[in-house]
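Data from start-v3.csv: CSV, N, CA and C atoms
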```csv
chain,number,residue,atom,x,y,z
A,1,MET,N,85.7,85.7,115.3
A,1,MET,CA,84.9,84.8,114.5
A,1,MET,C,83.6,85.5,114.1
A,2,LYS,N,83.1,85.1,112.9
A,2,LYS,CA,81.9,85.7,112.5
A,2,LYS,C,80.8,85.5,113.5
A,3,GLY,N,80.1,86.6,113.8
A,3,GLY,CA,79.0,86.5,114.8
A,3,GLY,C,79.4,87.1,116.2
A,4,ASP,N,80.7,87.2,116.5
A,4,ASP,CA,81.2,87.8,117.7
A,4,ASP,C,80.6,89.2,117.7
A,5,ARG,N,80.2,89.6,118.9
A,5,ARG,CA,79.7,91.0,119.0
A,5,ARG,C,80.0,91.6,120.4
A,6,VAL,N,80.0,92.9,120.4
A,6,VAL,CA,80.2,93.7,121.6
A,6,VAL,C,79.0,94.7,121.7
A,7,GLU,N,78.3,94.8,122.8
A,7,GLU,CA,77.3,95.8,123.0
A,7,GLU,C,77.9,96.8,123.9
A,8,ILE,N,77.6,98.1,123.6
A,8,ILE,CA,78.1,99.2,124.4
A,8,ILE,C,76.9,100.0,124.8
A,9,VAL,N,76.7,100.2,126.1
A,9,VAL,CA,75.6,101.1,126.6
A,9,VAL,C,76.2,102.4,127.1
A,10,VAL,N,75.7,103.5,126.5
A,10,VAL,CA,76.3,104.8,126.8
A,10,VAL,C,75.3,105.7,127.4
A,11,ASP,N,75.7,106.5,128.3
A,11,ASP,CA,74.8,107.6,128.9
A,11,ASP,C,74.8,108.7,127.9
A,12,ALA,N,73.5,109.0,127.5
A,12,ALA,CA,73.3,110.1,126.5
A,12,ALA,C,72.6,111.3,127.2
A,13,GLY,N,72.9,111.6,128.4
A,13,GLY,CA,72.2,112.7,129.1
A,13,GLY,C,71.0,112.2,129.8
A,14,ASP,N,69.8,112.4,129.3
A,14,ASP,CA,68.6,111.9,129.9
A,14,ASP,C,68.2,110.5,129.6
A,15,THR,N,68.9,109.9,128.6
A,15,THR,CA,68.6,108.5,128.3
A,15,THR,C,69.9,107.7,128.1
A,16,THR,N,69.7,106.4,127.8
A,16,THR,CA,70.9,105.6,127.4
A,16,THR,C,70.7,105.2,126.0
A,17,ARG,N,71.8,104.9,125.3
A,17,ARG,CA,71.9,104.4,124.0
A,17,ARG,C,72.7,103.2,123.9
A,18,THR,N,72.3,102.2,123.1
A,18,THR,CA,73.0,101.0,123.0
A,18,THR,C,73.5,100.9,121.5
A,19,TYR,N,74.8,100.5,121.5
A,19,TYR,CA,75.5,100.3,120.2
A,19,TYR,C,76.0,98.9,120.1
A,20,GLU,N,76.1,98.3,118.9
A,20,GLU,CA,76.6,97.0,118.7
A,20,GLU,C,77.7,97.1,117.6
A,21,VAL,N,78.8,96.4,117.9
A,21,VAL,CA,79.8,96.2,116.9
A,21,VAL,C,79.9,94.6,116.7
A,22,VAL,N,79.7,94.2,115.4
A,22,VAL,CA,79.6,92.8,115.1
A,22,VAL,C,80.6,92.4,114.1
A,23,ALA,N,81.2,91.2,114.3
A,23,ALA,CA,82.1,90.7,113.3
A,23,ALA,C,81.2,90.1,112.2
A,24,SER,N,81.2,90.8,111.0
A,24,SER,CA,80.2,90.6,110.0
A,24,SER,C,80.6,89.5,109.0
A,25,ARG,N,81.9,89.2,108.9
A,25,ARG,CA,82.3,88.1,107.9
A,25,ARG,C,83.2,87.1,108.6
A,26,ALA,N,83.3,86.0,107.9
A,26,ALA,CA,84.1,84.9,108.5
A,26,ALA,C,85.6,85.4,108.6
A,27,GLY,N,86.2,85.0,109.6
A,27,GLY,CA,87.6,85.4,109.8
A,27,GLY,C,87.8,86.7,110.5
A,28,ARG,N,86.8,87.4,110.8
A,28,ARG,CA,86.9,88.7,111.5
A,28,ARG,C,86.6,88.5,112.9
A,29,ARG,N,87.2,89.4,113.8
A,29,ARG,CA,86.9,89.4,115.2
A,29,ARG,C,86.7,90.8,115.7
A,30,VAL,N,86.2,90.9,116.9
A,30,VAL,CA,86.0,92.2,117.5
A,30,VAL,C,87.0,92.3,118.7
A,31,GLU,N,87.7,93.5,118.7
A,31,GLU,CA,88.7,93.7,119.8
A,31,GLU,C,88.3,95.0,120.5
A,32,THR,N,88.5,95.0,121.9
A,32,THR,CA,88.2,96.1,122.7
A,32,THR,C,89.4,96.6,123.4
A,33,ALA,N,89.6,98.0,123.4
A,33,ALA,CA,90.7,98.6,124.1
A,33,ALA,C,90.2,99.8,124.8
A,34,VAL,N,90.9,100.1,126.0
A,34,VAL,CA,90.6,101.3,126.7
A,34,VAL,C,91.9,102.1,126.8
A,35,ARG,N,91.9,103.3,126.3
A,35,ARG,CA,93.2,104.1,126.2
A,35,ARG,C,92.8,105.5,126.5
A,36,ARG,N,93.5,106.1,127.5
A,36,ARG,CA,93.4,107.6,127.7
A,36,ARG,C,92.0,108.1,127.8
A,37,GLY,N,91.1,107.4,128.5
A,37,GLY,CA,89.8,107.8,128.7
A,37,GLY,C,88.8,107.6,127.5
A,38,VAL,N,89.3,106.7,126.6
A,38,VAL,CA,88.5,106.4,125.4
A,38,VAL,C,88.3,104.9,125.3
A,39,VAL,N,87.1,104.4,125.1
A,39,VAL,CA,86.9,103.0,124.9
A,39,VAL,C,86.8,102.8,123.4
A,40,GLU,N,87.6,101.9,122.8
A,40,GLU,CA,87.6,101.7,121.4
A,40,GLU,C,87.3,100.3,121.1
A,41,VAL,N,86.3,100.1,120.2
A,41,VAL,CA,85.8,98.7,119.8
A,41,VAL,C,86.0,98.6,118.3
A,42,SER,N,86.8,97.7,117.9
A,42,SER,CA,87.2,97.6,116.5
A,42,SER,C,86.9,96.2,115.9
A,43,GLU,N,86.4,96.2,114.6
A,43,GLU,CA,86.3,94.9,113.9
A,43,GLU,C,87.6,94.8,113.1
A,44,VAL,N,88.2,93.6,113.3
A,44,VAL,CA,89.6,93.4,112.7
A,44,VAL,C,89.6,92.1,111.9
A,45,THR,N,90.3,92.2,110.8
A,45,THR,CA,90.5,91.0,109.9
A,45,THR,C,91.5,90.1,110.4
A,46,ARG,N,91.7,88.9,109.7
A,46,ARG,CA,92.7,88.0,110.1
A,46,ARG,C,94.1,88.6,110.1
A,47,ASN,N,94.4,89.5,109.1
A,47,ASN,CA,95.7,90.1,109.0
A,47,ASN,C,95.9,91.2,110.0
A,48,GLY,N,94.9,91.6,110.7
A,48,GLY,CA,95.1,92.7,111.7
A,48,GLY,C,94.7,94.0,111.2
A,49,SER,N,94.1,94.1,110.0
A,49,SER,CA,93.6,95.4,109.5
A,49,SER,C,92.3,95.7,110.1
A,50,VAL,N,92.2,97.0,110.5
A,50,VAL,CA,90.9,97.4,111.1
A,50,VAL,C,89.9,97.8,110.1
A,51,VAL,N,88.7,97.2,110.1
A,51,VAL,CA,87.7,97.4,109.2
A,51,VAL,C,86.9,98.6,109.6
A,52,ARG,N,86.5,98.7,110.9
A,52,ARG,CA,85.7,99.8,111.4
A,52,ARG,C,86.0,99.9,112.9
A,53,THR,N,85.8,101.1,113.4
A,53,THR,CA,86.1,101.4,114.8
A,53,THR,C,85.0,102.3,115.4
A,54,ALA,N,84.6,101.9,116.6
A,54,ALA,CA,83.6,102.8,117.4
A,54,ALA,C,84.4,103.3,118.6
A,55,ARG,N,84.3,104.6,118.8
A,55,ARG,CA,85.0,105.2,120.0
A,55,ARG,C,84.0,105.9,120.9
A,56,PHE,N,84.2,105.7,122.2
A,56,PHE,CA,83.3,106.3,123.2
A,56,PHE,C,84.1,106.9,124.3
A,57,MET,N,83.6,108.0,124.9
A,57,MET,CA,84.3,108.5,126.1
A,57,MET,C,84.1,107.5,127.3
A,58,ALA,N,85.1,107.1,127.9
A,58,ALA,CA,85.0,106.1,129.0
A,58,ALA,C,84.1,106.5,130.1
A,59,ASN,N,84.1,107.8,130.5
A,59,ASN,CA,83.2,108.2,131.6
A,59,ASN,C,81.7,108.2,131.2
A,60,ARG,N,81.4,108.0,129.9
A,60,ARG,CA,80.0,107.9,129.5
A,60,ARG,C,79.5,106.5,129.3
A,61,VAL,N,80.5,105.5,129.3
A,61,VAL,CA,80.1,104.1,129.0
A,61,VAL,C,79.6,103.5,130.3
A,62,LEU,N,78.4,103.0,130.3
A,62,LEU,CA,77.8,102.4,131.4
A,62,LEU,C,78.0,100.9,131.5
A,63,ALA,N,78.0,100.2,130.3
A,63,ALA,CA,78.3,98.8,130.2
A,63,ALA,C,78.9,98.4,128.9
A,64,LEU,N,79.8,97.4,129.0
A,64,LEU,CA,80.4,96.9,127.8
A,64,LEU,C,80.3,95.4,127.9
A,65,VAL,N,79.5,94.8,127.0
A,65,VAL,CA,79.2,93.4,127.1
A,65,VAL,C,79.8,92.7,125.8
A,66,GLU,N,80.8,91.8,126.0
A,66,GLU,CA,81.3,91.0,124.9
A,66,GLU,C,80.5,89.7,124.9
A,67,GLN,N,80.0,89.4,123.7
A,67,GLN,CA,79.3,88.2,123.5
A,67,GLN,C,79.9,87.3,122.4
A,68,PRO,N,80.8,86.4,122.7
A,68,PRO,CA,81.4,85.6,121.7
A,68,PRO,C,80.4,84.5,121.2
A,69,VAL,N,80.6,84.1,120.0
A,69,VAL,CA,79.8,83.0,119.4
A,69,VAL,C,80.3,81.7,120.1
A,70,PRO,N,79.4,80.8,120.5
A,70,PRO,CA,79.8,79.5,121.1
A,70,PRO,C,80.7,78.7,120.1
A,71,ARG,N,81.8,78.3,120.5
A,71,ARG,CA,82.7,77.5,119.7
A,71,ARG,C,82.5,76.0,119.9
A,72,GLU,N,82.6,75.2,118.9
A,72,GLU,CA,82.6,73.8,119.0
A,72,GLU,C,84.0,73.2,118.9
A,73,ASP,N,84.4,72.5,119.9
A,73,ASP,CA,85.7,71.9,119.9
A,73,ASP,C,85.5,70.4,119.5
A,74,SER,N,86.4,69.9,118.7
A,74,SER,CA,86.3,68.5,118.4
A,74,SER,C,86.6,67.6,119.6
A,75,SER,N,87.4,68.1,120.6
A,75,SER,CA,87.7,67.4,121.8
A,75,SER,C,86.5,67.2,122.7
A,76,GLU,N,85.5,68.1,122.6
A,76,GLU,CA,84.3,68.1,123.5
A,76,GLU,C,83.3,67.1,123.0
A,77,LYS,N,83.4,66.8,121.7
A,77,LYS,CA,82.4,65.9,121.1
A,77,LYS,C,82.7,64.4,121.6
A,78,GLY,N,81.6,63.7,121.8
A,78,GLY,CA,81.8,62.3,122.3
A,78,GLY,C,82.0,61.4,121.1
A,79,PRO,N,82.2,60.1,121.3
A,79,PRO,CA,82.4,59.2,120.2
A,79,PRO,C,81.1,59.1,119.4
A,80,ALA,N,81.3,58.9,118.1
A,80,ALA,CA,80.1,58.9,117.1
A,80,ALA,C,79.4,57.6,117.1
```
Since I need it in another form, could you write the structure as C-alpha coordinates?
Amino acid sequence: MKGDRVEIVVDAGDTTRTYEVVASRAGRRVETAVRRGVVEVSEVTRNGSVVRTARFMANRVLALVEQPVPREDSSEKGPA
(Lines of atoms letter the chains of each structure in order from A and count residues from 1; the text may use other names and numbers.)
(Lines give C-alpha, C1' and ligand atoms only; values in the text may rest on other atoms or scores of the structure.)
Protein backbone atom coordinates (compact mmCIF):
# COMPACT_ATOMS: atom_id res chain seq x y z
CA MET A 1 0.00 0.00 0.00
CA LYS A 2 1.07 3.56 -0.55
CA GLY A 3 3.28 4.69 2.31
CA ASP A 4 4.69 1.25 3.17
CA ARG A 5 8.42 1.57 3.61
CA VAL A 6 11.50 -0.42 4.45
CA GLU A 7 14.58 1.09 6.07
CA ILE A 8 17.93 -0.62 5.50
CA VAL A 9 20.95 0.22 7.67
CA VAL A 10 24.23 -0.78 6.02
CA ASP A 11 27.80 -0.90 7.34
CA ALA A 12 29.85 1.40 5.12
CA GLY A 13 33.25 0.83 6.65
CA ASP A 14 33.81 3.51 9.28
CA THR A 15 30.16 4.71 9.29
CA THR A 16 26.66 3.42 8.67
CA ARG A 17 24.29 4.48 5.93
CA THR A 18 20.51 4.33 5.96
CA TYR A 19 18.44 3.74 2.84
CA GLU A 20 14.66 3.78 2.43
CA VAL A 21 12.46 2.11 -0.17
CA VAL A 22 8.93 3.54 -0.14
CA ALA A 23 5.75 2.49 -1.95
CA SER A 24 5.26 5.82 -3.69
CA ARG A 25 1.84 5.36 -5.32
CA ALA A 26 -1.49 3.78 -4.47
CA GLY A 27 -1.59 0.04 -5.15
CA ARG A 28 2.15 -0.47 -4.80
CA ARG A 29 3.84 -2.47 -2.09
CA VAL A 30 7.37 -3.14 -0.87
CA GLU A 31 8.71 -6.71 -0.88
CA THR A 32 11.87 -8.02 0.77
CA ALA A 33 13.87 -11.12 -0.23
CA VAL A 34 17.17 -12.62 0.89
CA ARG A 35 18.87 -14.76 -1.76
CA ARG A 36 22.44 -16.05 -2.02
CA GLY A 37 23.93 -13.48 0.31
CA VAL A 38 22.03 -10.54 -1.20
CA VAL A 39 19.19 -8.61 0.43
CA GLU A 40 16.79 -7.34 -2.23
CA VAL A 41 14.07 -4.76 -1.49
CA SER A 42 11.65 -4.04 -4.35
CA GLU A 43 8.73 -1.72 -4.99
CA VAL A 44 6.09 -3.79 -6.80
CA THR A 45 2.84 -2.86 -8.59
CA ARG A 46 -0.49 -4.66 -8.22
CA ASN A 47 0.33 -6.72 -11.31
CA GLY A 48 3.63 -7.88 -9.84
CA SER A 49 5.85 -5.71 -12.05
CA VAL A 50 8.95 -4.46 -10.28
CA VAL A 51 9.27 -0.67 -10.39
CA ARG A 52 12.64 -0.39 -8.65
CA THR A 53 14.97 -2.58 -6.65
CA ALA A 54 17.66 -1.95 -4.06
CA ARG A 55 20.28 -4.68 -3.50
CA PHE A 56 22.71 -4.96 -0.60
CA MET A 57 25.29 -7.54 0.42
CA ALA A 58 23.72 -9.47 3.32
CA ASN A 59 26.90 -9.46 5.41
CA ARG A 60 26.90 -5.62 5.32
CA VAL A 61 23.25 -5.17 6.37
CA LEU A 62 22.99 -4.25 10.06
CA ALA A 63 19.21 -3.75 10.25
CA LEU A 64 16.18 -4.17 8.03
CA VAL A 65 13.07 -2.46 9.38
CA GLU A 66 9.70 -2.93 7.65
CA GLN A 67 7.23 -0.16 8.49
CA PRO A 68 3.76 -0.84 7.12
CA VAL A 69 1.14 1.89 7.03
CA PRO A 70 -1.53 1.31 9.69
CA ARG A 71 -4.59 -0.20 8.03
CA GLU A 72 -8.17 0.56 9.04
CA ASP A 73 -10.51 -2.42 9.03
CA SER A 74 -14.25 -1.84 8.91
CA SER A 75 -14.61 -4.73 11.44
CA GLU A 76 -12.58 -2.79 14.03
CA LYS A 77 -14.78 0.28 13.87
CA GLY A 78 -17.52 0.51 16.45
CA PRO A 79 -21.17 1.36 15.74
CA ALA A 80 -21.71 4.87 14.41
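Atom N of Val30 of chain A sits 9.9 Å away from atom C of Glu66 of chain A.
Rounded to one decimal, atom CA of Val65 of chain A and atom CA of Glu7 of chain A lie 5.1 Å from each other.
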Residues near Glu31 of chain A, anyone? I mean within 6.5 Å using all atoms listed in the file, not counting same-chain ones fewer than 5 positions away, as a PyMOL selection string. chain A and resi 40-44
Can you pull out every residue within 7 Å of Val69 of chain A, counting all atoms listed in the file, but drop anything in the same chain fewer than 4 positions away, and send it as a ChimeraX atom specification? /A:1-5
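You will find atom N of Tyr19 of chain A at 19.1 Å from atom C of Val50 of chain A.
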